[in-house]
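Raw input-v2.cif, mmCIF, C-alpha atoms and all ligand atoms:
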data_final
loop_
_atom_site.label_atom_id
_atom_site.label_comp_id
_atom_site.auth_asym_id
_atom_site.auth_seq_id
_atom_site.Cartn_x
_atom_site.Cartn_y
_atom_site.Cartn_z
CA MET A 1 0.00 0.00 0.00
CA PHE A 2 2.71 2.41 1.01
CA LEU A 3 4.63 1.81 -2.19
CA THR A 4 1.49 2.42 -4.25
CA PHE A 5 0.88 5.67 -2.44
CA VAL A 6 4.42 6.86 -3.10
CA MET A 7 4.13 6.07 -6.78
CA ILE A 8 0.88 8.00 -7.11
CA ALA A 9 2.34 10.93 -5.23
CA SER A 10 5.37 10.95 -7.51
CA ALA A 11 3.21 10.86 -10.60
CA ALA A 12 1.17 13.79 -9.28
CA LEU A 13 4.34 15.74 -8.59
CA VAL A 14 5.69 15.14 -12.08
CA GLY A 15 2.34 16.26 -13.48
CA THR A 16 2.44 19.47 -11.47
CA VAL A 17 5.94 20.31 -12.63
CA ALA A 18 5.08 19.70 -16.26
CA THR A 19 1.97 21.86 -16.05
CA ALA A 20 3.91 24.72 -14.50
CA GLY A 21 6.28 24.59 -17.47
CA THR A 22 9.33 25.15 -15.32
CA ALA A 23 11.44 22.71 -17.32
CA GLN A 24 14.28 21.66 -15.05
CA ALA A 25 15.21 23.58 -11.94
CA ASP A 26 18.79 24.73 -11.76
CA GLY A 27 21.19 25.20 -8.89
CA CYS A 28 22.06 28.71 -10.01
CA TYR A 29 18.85 30.42 -11.02
CA THR A 30 15.37 29.32 -12.11
CA TRP A 31 13.06 31.42 -14.23
CA ASN A 32 9.40 31.28 -13.23
CA ARG A 33 7.73 33.01 -16.16
CA THR A 34 8.02 33.39 -19.89
CA LEU A 35 9.78 36.66 -20.71
CA LYS A 36 9.14 38.83 -23.72
CA GLU A 37 9.41 42.41 -24.91
CA GLY A 38 7.91 44.84 -22.40
CA HIS A 39 8.79 42.82 -19.30
CA SER A 40 11.19 44.08 -16.66
CA GLY A 41 12.72 42.74 -13.47
CA ASN A 42 15.62 40.78 -12.05
CA ASP A 43 14.62 37.76 -14.12
CA VAL A 44 15.16 39.91 -17.23
CA THR A 45 18.58 40.93 -15.89
CA GLN A 46 19.48 37.28 -15.35
CA LEU A 47 18.38 36.48 -18.91
CA GLN A 48 20.33 39.41 -20.36
CA ILE A 49 23.54 38.20 -18.71
CA ARG A 50 23.10 34.80 -20.43
CA VAL A 51 22.40 36.21 -23.90
CA ALA A 52 24.81 39.17 -23.78
CA GLY A 53 27.11 37.27 -26.14
CA TYR A 54 24.51 37.67 -28.90
CA PRO A 55 24.11 41.45 -29.38
CA GLY A 56 25.01 41.45 -33.08
CA TYR A 57 28.11 42.80 -34.81
CA GLY A 58 29.83 45.61 -32.94
CA ALA A 59 27.07 45.93 -30.37
CA GLN A 60 26.82 45.48 -26.63
CA LEU A 61 23.63 44.44 -24.87
CA ALA A 62 22.66 46.66 -21.92
CA ILE A 63 22.17 44.61 -18.75
CA ASP A 64 19.41 46.84 -17.40
CA GLY A 65 16.53 44.53 -16.47
CA LYS A 66 14.34 45.93 -19.27
CA PHE A 67 13.32 43.58 -22.07
CA GLY A 68 13.40 45.84 -25.13
CA PRO A 69 14.06 45.26 -28.85
CA ALA A 70 17.80 44.65 -28.34
CA THR A 71 17.13 41.95 -25.75
CA LYS A 72 14.55 40.37 -28.05
CA ALA A 73 17.08 40.31 -30.90
CA ALA A 74 19.74 38.81 -28.62
CA VAL A 75 17.37 36.08 -27.41
CA LYS A 76 16.53 35.35 -31.05
CA ARG A 77 20.21 35.00 -32.00
CA PHE A 78 20.79 32.75 -28.97
CA GLN A 79 17.86 30.57 -30.03
CA GLN A 80 19.13 30.40 -33.62
CA ALA A 81 22.63 29.53 -32.43
CA TYR A 82 21.28 26.48 -30.59
CA GLY A 83 18.71 25.38 -33.16
CA LEU A 84 15.67 26.43 -31.14
CA SER A 85 12.54 27.99 -32.57
CA ALA A 86 13.65 31.62 -32.82
CA ASP A 87 10.89 33.99 -31.74
CA GLY A 88 12.77 36.24 -29.30
CA VAL A 89 10.53 35.07 -26.45
CA ALA A 90 12.24 33.28 -23.57
CA GLY A 91 10.17 30.27 -22.54
CA PRO A 92 10.80 26.69 -21.35
CA ASN A 93 12.93 25.65 -24.36
CA THR A 94 15.21 28.65 -24.00
CA TYR A 95 15.52 28.18 -20.25
CA SER A 96 16.29 24.48 -20.68
CA LYS A 97 19.17 25.36 -22.98
CA ILE A 98 20.48 27.96 -20.52
CA TYR A 99 20.22 25.46 -17.63
CA ALA A 100 22.19 22.97 -19.71
CA LEU A 101 24.86 25.61 -20.33
CA GLN A 102 25.41 26.75 -16.75
CA ASP A 103 27.02 25.40 -13.62
CA ASN A 104 25.53 25.76 -10.15
CA ASP A 105 27.74 28.80 -9.50
CA CYS A 106 26.15 30.51 -12.54
CA THR A 107 29.25 30.31 -14.72
CA PRO A 108 28.86 28.86 -18.21
CA ILE A 109 29.91 25.20 -18.28
CA HIS A 110 33.13 25.73 -20.24
CA PHE A 111 34.61 28.48 -18.05
CA THR A 112 35.30 28.98 -14.35
CA TYR A 113 35.77 31.78 -11.84
CA ALA A 114 39.17 30.26 -11.05
CA GLU A 115 40.51 30.76 -14.56
CA MET A 116 39.13 34.32 -14.58
CA ASN A 117 41.12 35.16 -11.48
CA ARG A 118 44.66 33.83 -11.37
CA CYS A 119 45.62 36.87 -9.28
CA ASN A 120 44.01 36.28 -5.89
CA SER A 121 41.00 34.47 -4.45
CA SER A 122 39.24 37.53 -3.03
CA TRP A 123 38.67 39.57 -6.22
CA SER A 124 39.89 42.60 -4.26
CA GLY A 125 42.55 45.18 -5.04
CA GLY A 126 41.29 46.13 -8.48
CA ALA A 127 39.58 49.28 -9.73
CA VAL A 128 36.13 48.22 -8.50
CA SER A 129 34.73 46.36 -5.49
CA ALA A 130 35.39 42.64 -5.27
CA ALA A 131 31.70 41.88 -5.86
CA THR A 132 31.60 44.05 -8.98
CA ALA A 133 34.82 42.54 -10.34
CA LYS A 134 33.46 39.02 -9.89
CA GLN A 135 30.13 39.96 -11.47
CA ASN A 136 31.95 41.56 -14.41
CA ALA A 137 33.95 38.37 -14.85
CA LEU A 138 30.73 36.33 -14.90
CA ARG A 139 29.31 38.56 -17.63
CA ALA A 140 32.53 38.28 -19.63
CA MET A 141 32.39 34.48 -19.39
CA TRP A 142 28.90 34.34 -20.90
CA LYS A 143 30.16 36.35 -23.88
CA LEU A 144 33.08 33.96 -24.10
CA GLU A 145 30.70 30.99 -24.10
CA ALA A 146 28.90 32.52 -27.10
CA LEU A 147 32.22 33.06 -28.86
CA ARG A 148 33.27 29.49 -28.14
CA HIS A 149 30.02 28.13 -29.58
CA ALA A 150 30.32 30.31 -32.68
CA LEU A 151 33.85 29.00 -33.27
CA GLY A 152 32.49 25.47 -33.49
CA ASP A 153 32.50 24.54 -29.79
CA ARG A 154 36.29 24.49 -29.81
CA PRO A 155 37.96 24.80 -26.43
CA LEU A 156 39.38 28.26 -25.73
CA THR A 157 42.43 28.79 -23.52
CA THR A 158 42.30 31.71 -21.11
CA SER A 159 45.53 33.08 -19.66
CA SER A 160 44.36 36.09 -17.67
CA GLY A 161 41.19 37.73 -16.37
CA PHE A 162 40.75 39.91 -13.30
CA ARG A 163 43.90 41.54 -11.90
CA SER A 164 44.47 43.60 -8.76
CA HIS A 165 46.66 46.67 -9.22
CA ALA A 166 49.61 44.64 -7.92
CA CYS A 167 48.96 41.77 -10.35
CA ASN A 168 48.42 44.19 -13.24
CA ASN A 169 51.70 45.95 -12.53
CA ALA A 170 53.51 42.61 -12.29
CA ALA A 171 52.03 41.55 -15.64
CA GLY A 172 53.04 44.83 -17.26
CA GLY A 173 49.39 45.66 -17.90
CA ALA A 174 48.32 49.10 -19.05
CA ALA A 175 47.32 51.69 -16.45
CA GLY A 176 43.53 51.65 -16.24
CA SER A 177 43.44 48.21 -17.90
CA ASN A 178 40.07 46.47 -18.19
CA HIS A 179 41.69 43.61 -16.28
CA LEU A 180 41.42 45.80 -13.15
CA TYR A 181 37.63 45.71 -13.58
CA GLY A 182 37.24 42.00 -14.24
CA THR A 183 35.80 42.70 -17.69
CA ALA A 184 38.81 41.52 -19.69
CA ILE A 185 39.94 38.12 -20.85
CA ASP A 186 43.21 37.16 -22.51
CA LEU A 187 43.23 34.09 -24.74
CA THR A 188 46.19 32.03 -25.89
CA GLY A 189 46.46 28.69 -27.69
CA SER A 190 44.16 27.96 -30.62
CA PRO A 191 42.33 28.80 -32.81
CA SER A 192 44.47 31.56 -34.30
CA PHE A 193 44.30 34.95 -32.63
CA CYS A 194 42.98 36.50 -35.85
CA THR A 195 40.16 33.95 -35.95
CA ILE A 196 39.34 34.79 -32.34
CA VAL A 197 39.40 38.57 -32.64
CA LYS A 198 37.41 38.61 -35.89
CA GLN A 199 34.62 36.49 -34.41
CA ALA A 200 34.71 38.34 -31.07
CA ARG A 201 33.30 41.43 -32.83
CA TYR A 202 29.93 39.65 -32.91
CA HIS A 203 29.80 38.73 -29.24
CA GLY A 204 29.71 41.91 -27.19
CA PHE A 205 33.41 42.64 -26.88
CA ASN A 206 33.95 46.35 -27.41
CA HIS A 207 37.63 46.22 -26.58
CA ILE A 208 39.56 43.87 -28.82
CA LEU A 209 43.34 43.87 -29.16
CA GLY A 210 45.30 41.30 -31.12
CA PRO A 211 48.17 40.62 -33.54
CA GLY A 212 49.88 43.76 -34.77
CA PHE A 213 48.88 45.82 -31.73
CA PRO A 214 51.93 46.40 -29.49
CA GLY A 215 52.33 43.61 -26.95
CA HIS A 216 49.51 41.51 -28.39
CA ASN A 217 51.17 39.16 -30.86
CA ASP A 218 51.07 36.32 -28.32
CA HIS A 219 47.47 36.62 -27.11
CA ALA A 220 44.07 38.06 -27.90
CA HIS A 221 42.61 40.56 -25.43
CA LEU A 222 38.81 40.80 -25.24
CA ALA A 223 36.79 43.03 -22.95
CA GLY A 224 33.53 44.86 -22.56
CA GLN A 225 33.65 48.64 -22.22
CA SER A 226 31.40 51.55 -23.17
CA THR A 227 33.27 52.81 -26.22
CA ARG A 228 34.56 50.61 -29.02
CA ARG A 229 38.27 50.15 -29.46
CA TRP A 230 39.37 47.40 -31.80
CA SER A 231 42.94 47.01 -33.01
CA ALA A 232 44.57 43.97 -34.54
CA PRO A 233 46.32 45.39 -37.64
CA SER A 234 47.80 42.04 -38.67
CA CYS A 235 44.24 40.69 -38.91
CA GLY A 236 42.92 43.68 -40.86
CA ILE A 237 41.21 45.11 -37.78
ZN ZN B 1 44.46 41.69 -21.75
#
Here is a file; write its structure as structure tokens.
Amino acid sequence: MFLTFVMIASAALVGTVATAGTAQADGCYTWNRTLKEGHSGNDVTQLQIRVAGYPGYGAQLAIDGKFGPATKAAVKRFQQAYGLSADGVAGPNTYSKIYALQDNDCTPIHFTYAEMNRCNSSWSGGAVSAATAKQNALRAMWKLEALRHALGDRPLTTSSGFRSHACNNAAGGAAGSNHLYGTAIDLTGSPSFCTIVKQARYHGFNHILGPGFPGHNDHAHLAGQSTRRWSAPSCGI
């Protein structure tokens, strides 16, 4: 009898979950409603962070909690990139894909906080608060995940992310470097740096430095910042 009861209860629970359309819950963040143009709130902010790597060529998506045309277009590009029905509305299918792409600490599955901070474990000592630096690094990683997917799901090798002033000085980084804010990522390894920097223009990186720019023949530097600055003369950029 007891076993029967448990089985019925389980079936009822499964039915409830399916009706609610919550797809799978996630250790990091779970969306509770379908989001579309006109909506606002923290759930929109959380969505924007995940699709910020899909703003279109030369653009950056504002993470402002307001679902406007740019967010709709970014959601659409995300959906297209993963073969989902592309309507610019974030519902169960979109959330399922995001859940599959993120770890319980909210980082995308192919990148970690540890690799974004080889300087210290506290995220302190930079140009912004530790919390802001870590949040900036998270946002940069989601753009990097989009870049990685666009390059054919090839592994990307990071060599530097957040730096305190001390770490930036030791690395010979520029004064006022984006690395002090946690917004910058340096990539080494493969694919070629020109392949990386060319594709990065589509994924929300407004600061791109690569081959031909002084000090950047051995890595690609990608960051988010308000004004665009791209320079990789050897790659035609
Ligand atoms: Zn750099």
Within 12 Å of ligand ZN 1 (chain B), counting all atoms listed in the file, which protein or nucleic acid residues do you find, written as a ChimeraX atom specification? /A:116,158-163,168,171-188,207-210,213-224
Spatial neighbours of Tyr99 in chain A, 12 Å, only C-alpha atoms, chain gap at least 5 places, as a VMD selection string: chain A and resid 22 to 31 47 50 92 to 94 104 to 109
If we count all atoms listed in the file and set the cut-off at 9 Å, which residues sit around Gln48 in chain A, ignoring sequence neighbours fewer than 4 positions away in its own chain? Please answer as a PyMOL selection string. chain A and resi 43-44+52+61-67+71+74-75
Polymer residues at most 9 Å from His165 in chain A, only C-alpha atoms, same-chain spacing of 4 or more positions, as a compact mmCIF listing (two decimals) with C-alpha atoms, in the coordinates of the input:
# COMPACT_ATOMS: atom_id res chain seq x y z
CA GLY A 125 42.55 45.18 -5.04
CA GLY A 126 41.29 46.13 -8.48
CA ALA A 127 39.58 49.28 -9.73
CA ASN A 169 51.70 45.95 -12.53
CA ALA A 170 53.51 42.61 -12.29
CA ALA A 175 47.32 51.69 -16.45
CA LEU A 180 41.42 45.80 -13.15
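Of note, CA of Tyr54 in chain A and CA of Gln80 in chain A are spaced 10.2 Å apart.
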Around the point (12.4, 33.0, -25.6) (coordinates from the file), which residues reach within 10 Å if we count all atoms listed in the file? Answer as a VMD selection string. chain A and resid 34 to 37 47 72 74 to 76 78 to 79 84 to 95
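Closest approach to Ser164 in chain A among A:Ala100, A:Ala140, A:Ala130, A:Ala81 is made by A:Ala130 (distances from all atoms listed in the file).
For the pair CA of Gly83 in chain A and CA of Asn206 in chain A, the interatomic distance is 26.6 Å.
Residue nearest Ala133 in chain A within the list A:Asn117, A:Trp230, A:Glu145, A:Ser190: A:Asn117 [criterion: smallest interatomic distance, all atoms listed in the file].
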In Å to one decimal, how far is CA of Pro155 in chain A from CA of Asn120 in chain A? 24.3 Å
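The nearest approach to Leu101 in chain A among the residues A:Arg229, A:Arg77, A:His203, A:His149, with all atoms listed in the file taken into account, belongs to A:His149.
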